[in-house]
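K.L.:
Below are the C-alpha cells for one structure; questions will follow.
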Amino acid sequence: MNKMFNLDGKVAIVTGASKGLGQGMSIALAKAGADIVGIGTSSLEETKNEIERISKRFLGINADLIKVDKIDYIVEETIQKMGRVDILVNNAGIIRREDAINYTMQDWDDILNINLKTLFFLSQRVAKEFVKQGKGGKIINIASMLSYQGGIRVPAYTASKSGVMGLTKALANEWAEKGICVNAIAPGYMATDNTKQLRDDEKRSAEILERIPAGRWGTPDDLAGTVVFLASSASDYIHGTTIPVDGGWLAR
C-alpha cells in the first residue's frame with residue numbers, strides 16, 4: 001500500500017509555491033518522495049529550506065504567471081536541471097474583491113489570466129512533455145468552493161474557478177488515454193492571504209465558521225493527503241474529478 005503513494009524519483013512543478021497552500025503542497029509532495037520545482041513571484045527561500053531539510057532537491061523559479069511568456073522557460077529549466085517532469089500542481093492564483101457593478105476590466109483580465117489562461121497553457125506545455133516522456137503524468141488544478149457557488153463581490157474569481165472545474169473535465173476527456181490524469185482540489189475556507197480580509201472581519205469570520213461543520217478554518221496541512229493521493233499511482237483511474245477539501249462546507 002505504501003508503494004502506491006510513494007513519489008520517489010518523481011519531479012513536481014508547483015506554482016505559487018512561496019507560501020500558503022502552494023508551499024504546504026510542495027512540502028507534502030517532497031515528504032512523499034518527489035523533488036520540487038517551485039514557481040513564485042516572491043522569495044522561495046523558505047520553501048527551499050523546508051524541502052532540502054527532508055533531503056529532496058528543490059529548484060526555484062521566479063515568474064509572474066499573470067503572463068504566459070515564462071511557460072516554455074519553466075518547463076525547459078525543469079527538464080534541464082531536474083531531468084524530467086511527472087506532476088504539475090496549478091496552484092498560483094489571485095483574488096480581488098469588489099462589487100460587481102464597480103468591477104474593473106483590469107481586475108477581470110488579471111484574475112482570468114493567472115487563474116485560468118496560464119493554468120491551461122502551462123498544462124498544455126507540460127502535457128506535451130508527458131507525451132514525449134511516454135509515461136503519462138499527473139496534473140492537479142486548484143479549484144475552489146466558488147467552482148460550485150457564486151460568492152459575493154468576487155465575480156472574476158468565481159468565473160475563473162468555475163472555469164478551472166470545467167477545464168479539468170475537458171482536459172481529462174482528451175488526455176486520459178495518454179496516461180495523463182487531470183484532476184482538481186477545491187479547498188474550502190483556508191487561513192491564507194486570500195482570506196485575510198474575511199478573517200479580519202469579526203462578523204464575517206463568525207458567519208463562515210458557523211457554517212463549517214469542522215468548526216475551523218482550514219490550513220495548508222489539510223491538503224497534504226489529497227495532493228499526494230492525486231499525484232501518486234493510487235489515483236491512476238481517477239480522471240476529471242474535483243475533490244472538495246472544505247471541512248464539510250458543501251455538505252451543510
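So you can find residues: chains in the C-alpha cells are A, B, ... in the order shown, residues in each start at 1, and ligands are numbered from 1 in order.
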List every residue of segment 101-165 of chain A that has an atom at most 12 Å from any atom of segment 223-226 of chain A, and for each one report the closest atom pair and its distance in Å to one decimal, counting only C-alpha atoms, with rows sorted by chain and then by increasing residue number, as a tab-separated table.
P.N.:
```
residue	atom	partner	partner_atom	distance
A:Ile140	CA	A:Thr226	CA	10.1
A:Asn141	CA	A:Thr226	CA	11.9
A:Ile142	CA	A:Leu223	CA	10.5
```
K.L.:
Suppose we keep N, CA and C atoms; can you now write the selection as a compact mmCIF listing (two decimals), in the first residue's frame?
P.N.:
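File produced: part.txt:
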```txt
# COMPACT_ATOMS: atom_id res chain seq x y z
N ILE A 140 -2.73 18.50 -11.39
CA ILE A 140 -3.64 18.77 -10.28
C ILE A 140 -3.93 20.27 -10.26
N ASN A 141 -5.16 20.64 -10.57
CA ASN A 141 -5.57 22.04 -10.56
C ASN A 141 -6.18 22.41 -9.21
N ILE A 142 -5.97 23.64 -8.81
CA ILE A 142 -6.58 24.10 -7.56
C ILE A 142 -7.82 24.92 -7.90
```
K.L.:
Using backbone DSSP assignments, extract all strand (DSSP E or B) residues from segment 69-183 of chain A; output them as a PyMOL selection string.
P.N.:
chain A and resi 87-90+137-142+180-183
K.L.:
Taking C-alpha atoms for each residue, export the selection above as a CSV table (one decimal), in the first residue's frame.
P.N.:
```
chain,number,residue,atom,x,y,z
A,87,ILE,CA,3.5,16.2,-11.7
A,88,LEU,CA,2.1,19.7,-12.2
A,89,VAL,CA,0.2,21.5,-9.5
A,90,ASN,CA,-1.5,24.6,-10.8
A,137,GLY,CA,1.7,12.2,-15.7
A,138,LYS,CA,-0.4,14.0,-13.2
A,139,ILE,CA,-2.0,17.4,-13.4
A,140,ILE,CA,-3.6,18.8,-10.3
A,141,ASN,CA,-5.6,22.0,-10.6
A,142,ILE,CA,-6.6,24.1,-7.6
A,180,ILE,CA,-2.4,11.8,-18.1
A,181,CYS,CA,-4.6,12.2,-15.1
A,182,VAL,CA,-6.1,15.7,-14.8
A,183,ASN,CA,-8.0,16.3,-11.5
```
K.L.:
Residues at most 9 Å from segment 114-119 of chain A, counting only C-alpha atoms, excluding those fewer than 3 positions away in the same chain, as a compact mmCIF listing (two decimals) with N, CA and C atoms, in the first residue's frame?
P.N.:
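Result written to around-v1.txt:
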```
# COMPACT_ATOMS: atom_id res chain seq x y z
N ASP A 64 6.21 35.64 -12.97
CA ASP A 64 4.88 36.21 -12.78
C ASP A 64 3.94 35.54 -13.77
N LEU A 65 3.06 34.68 -13.27
CA LEU A 65 2.20 33.88 -14.15
C LEU A 65 0.95 34.63 -14.60
N ILE A 66 0.91 35.92 -14.34
CA ILE A 66 -0.18 36.71 -14.90
C ILE A 66 0.01 36.83 -16.43
N LYS A 67 1.22 36.50 -16.88
CA LYS A 67 1.53 36.44 -18.31
C LYS A 67 1.98 35.02 -18.63
N VAL A 68 1.85 34.63 -19.90
CA VAL A 68 2.21 33.26 -20.31
C VAL A 68 3.62 33.17 -20.88
N ILE A 71 6.24 30.35 -19.65
CA ILE A 71 5.85 28.94 -19.59
C ILE A 71 6.92 28.03 -20.19
N ASN A 90 -1.19 23.21 -10.43
CA ASN A 90 -1.55 24.57 -10.83
C ASN A 90 -2.22 25.27 -9.66
N ASN A 91 -1.40 25.84 -8.78
CA ASN A 91 -1.92 26.46 -7.56
C ASN A 91 -1.97 27.98 -7.62
N ALA A 92 -1.09 28.61 -8.39
CA ALA A 92 -1.00 30.06 -8.41
C ALA A 92 -2.34 30.69 -8.76
N GLY A 93 -2.70 31.73 -8.04
CA GLY A 93 -3.95 32.42 -8.33
C GLY A 93 -4.09 33.66 -7.47
N ILE A 94 -4.97 34.55 -7.89
CA ILE A 94 -5.23 35.78 -7.15
C ILE A 94 -6.73 35.99 -7.02
N ASP A 109 -9.30 40.98 -16.14
CA ASP A 109 -8.28 40.39 -17.00
C ASP A 109 -7.15 39.74 -16.19
N ASP A 110 -6.69 40.43 -15.16
CA ASP A 110 -5.59 39.91 -14.35
C ASP A 110 -5.96 38.56 -13.73
N ILE A 111 -7.15 38.49 -13.17
CA ILE A 111 -7.58 37.26 -12.49
C ILE A 111 -7.79 36.13 -13.48
N LEU A 122 0.06 26.29 -19.34
CA LEU A 122 1.11 25.55 -18.63
C LEU A 122 0.77 24.06 -18.63
N SER A 123 -0.50 23.74 -18.43
CA SER A 123 -0.93 22.33 -18.50
C SER A 123 -0.64 21.76 -19.89
N GLN A 124 -0.97 22.51 -20.92
CA GLN A 124 -0.73 22.07 -22.29
C GLN A 124 0.75 21.79 -22.53
N ASN A 141 -5.16 20.64 -10.57
CA ASN A 141 -5.57 22.04 -10.56
C ASN A 141 -6.18 22.41 -9.21
N TYR A 157 -13.14 36.00 -9.87
CA TYR A 157 -12.60 34.80 -9.21
C TYR A 157 -13.56 33.62 -9.38
N SER A 160 -13.37 32.39 -12.90
CA SER A 160 -12.13 31.65 -13.16
C SER A 160 -12.16 30.27 -12.52
N LYS A 161 -12.66 30.16 -11.29
CA LYS A 161 -12.64 28.88 -10.60
C LYS A 161 -13.74 27.94 -11.11
N GLY A 163 -14.38 27.95 -14.24
CA GLY A 163 -13.66 27.53 -15.43
C GLY A 163 -12.63 26.45 -15.14
N VAL A 164 -11.98 26.53 -14.00
CA VAL A 164 -10.99 25.52 -13.63
C VAL A 164 -11.65 24.15 -13.50
N LEU A 167 -12.57 23.02 -17.08
CA LEU A 167 -11.36 22.72 -17.84
C LEU A 167 -10.73 21.41 -17.37
```
K.L.:
Within 8 Å of Ser26 of chain A, counting only C-alpha atoms, which residues show up once you throw out same-chain ones fewer than 5 positions away? Write them as a VMD selection string, please.
P.N.:
chain A and resid 14 17 36 38 47 51
K.L.:
Mind writing the picked residues with C-alpha atoms as a short mmCIF file (atom, residue, chain, number, x, y, z; two decimals), in the first residue's frame?
P.N.:
```cif
data_model
loop_
_atom_site.label_atom_id
_atom_site.label_comp_id
_atom_site.auth_asym_id
_atom_site.auth_seq_id
_atom_site.Cartn_x
_atom_site.Cartn_y
_atom_site.Cartn_z
CA VAL A 14 4.16 23.61 -8.08
CA ALA A 17 4.99 27.79 -4.01
CA ILE A 36 10.15 20.03 -6.33
CA GLY A 38 8.66 25.82 -7.07
CA THR A 47 10.14 26.66 0.76
CA ILE A 51 12.33 20.84 1.01
#
```
K.L.:
So that I can check the surroundings of segment 234-247 of chain A, please list as a ChimeraX atom specification every protein, DNA and RNA residue that reaches within 6 Å of it, counting only C-alpha atoms and ignoring chain neighbours fewer than 5 positions away.
P.N.:
/A:4,168-169,172,181-188,212,214
K.L.:
Name all residues at most 12 Å from Met190 of chain A (count only C-alpha atoms; drop same-chain ones fewer than 3 positions away) and give them as a compact mmCIF listing (two decimals) with N, CA and C atoms, in the first residue's frame.
P.N.:
```
# COMPACT_ATOMS: atom_id res chain seq x y z
N GLY A 20 1.77 29.67 1.87
CA GLY A 20 0.38 29.23 1.88
C GLY A 20 0.18 27.82 1.36
N LEU A 21 -0.89 27.63 0.58
CA LEU A 21 -1.25 26.31 0.09
C LEU A 21 -0.17 25.72 -0.81
N GLY A 24 2.67 24.48 1.29
CA GLY A 24 2.24 23.29 2.02
C GLY A 24 2.19 22.06 1.12
N SER A 144 -11.92 25.69 -6.18
CA SER A 144 -12.37 26.48 -5.04
C SER A 144 -13.81 26.11 -4.71
N MET A 145 -14.27 26.51 -3.53
CA MET A 145 -15.71 26.42 -3.24
C MET A 145 -16.51 27.23 -4.26
N ALA A 186 -10.62 21.33 -4.54
CA ALA A 186 -11.36 22.55 -4.22
C ALA A 186 -11.22 22.83 -2.72
N PRO A 187 -10.25 23.64 -2.34
CA PRO A 187 -10.11 23.97 -0.92
C PRO A 187 -11.31 24.78 -0.43
N ASP A 193 -3.42 34.15 2.80
CA ASP A 193 -3.52 35.57 2.47
C ASP A 193 -4.82 35.90 1.74
N ASN A 194 -5.32 34.96 0.91
CA ASN A 194 -6.54 35.21 0.14
C ASN A 194 -7.75 35.45 1.03
N THR A 195 -7.74 34.90 2.25
CA THR A 195 -8.90 35.04 3.14
C THR A 195 -8.64 35.99 4.31
N LYS A 196 -7.51 36.68 4.30
CA LYS A 196 -7.17 37.55 5.43
C LYS A 196 -8.24 38.60 5.67
N LEU A 198 -11.38 38.45 5.07
CA LEU A 198 -12.56 37.82 5.69
C LEU A 198 -12.29 37.48 7.15
N ARG A 199 -11.10 36.95 7.43
CA ARG A 199 -10.78 36.56 8.80
C ARG A 199 -10.63 37.76 9.72
N SER A 205 -16.20 36.44 9.67
CA SER A 205 -15.47 35.24 10.07
C SER A 205 -16.35 34.32 10.90
N ILE A 208 -18.86 32.51 8.71
CA ILE A 208 -18.24 31.43 7.95
C ILE A 208 -18.00 30.22 8.84
N LEU A 209 -17.44 30.44 10.01
CA LEU A 209 -17.14 29.34 10.92
C LEU A 209 -18.40 28.62 11.38
N ILE A 212 -19.23 25.94 8.77
CA ILE A 212 -18.29 24.86 8.53
C ILE A 212 -18.48 23.78 9.60
N ARG A 216 -13.67 25.08 12.02
CA ARG A 216 -12.40 25.84 11.97
C ARG A 216 -12.04 26.16 10.53
N TRP A 217 -11.15 27.15 10.37
CA TRP A 217 -10.57 27.44 9.07
C TRP A 217 -9.60 26.31 8.72
N GLY A 218 -9.48 26.01 7.44
CA GLY A 218 -8.52 25.01 7.00
C GLY A 218 -7.11 25.56 7.02
N THR A 219 -6.14 24.66 6.92
CA THR A 219 -4.73 25.03 6.87
C THR A 219 -4.08 24.33 5.69
N PRO A 220 -2.90 24.77 5.26
CA PRO A 220 -2.21 24.09 4.16
C PRO A 220 -2.01 22.59 4.43
N ASP A 221 -1.81 22.21 5.68
CA ASP A 221 -1.63 20.78 6.01
C ASP A 221 -2.85 19.94 5.64
N ASP A 222 -4.03 20.56 5.60
CA ASP A 222 -5.25 19.82 5.29
C ASP A 222 -5.30 19.34 3.85
N LEU A 223 -4.45 19.90 2.98
CA LEU A 223 -4.42 19.48 1.57
C LEU A 223 -3.36 18.41 1.31
N VAL A 245 -12.03 19.86 -0.31
CA VAL A 245 -11.37 19.71 1.00
C VAL A 245 -11.80 20.94 1.80
N ASP A 246 -12.97 20.84 2.41
CA ASP A 246 -13.68 22.05 2.85
C ASP A 246 -14.24 21.99 4.27
N GLY A 247 -13.84 20.98 5.04
CA GLY A 247 -14.37 20.88 6.40
C GLY A 247 -15.86 20.58 6.45
N TRP A 249 -18.11 22.12 4.31
CA TRP A 249 -18.87 23.31 3.88
C TRP A 249 -19.98 22.97 2.88
```
K.L.:
Where does DSSP see alpha helix (DSSP H) in segment 7-239 of chain A, if you list the residues as a ChimeraX atom specification?
P.N.:
/A:20-31,45-53,71-82,105-112,118-133,155-175,196-200,202-211,224-231
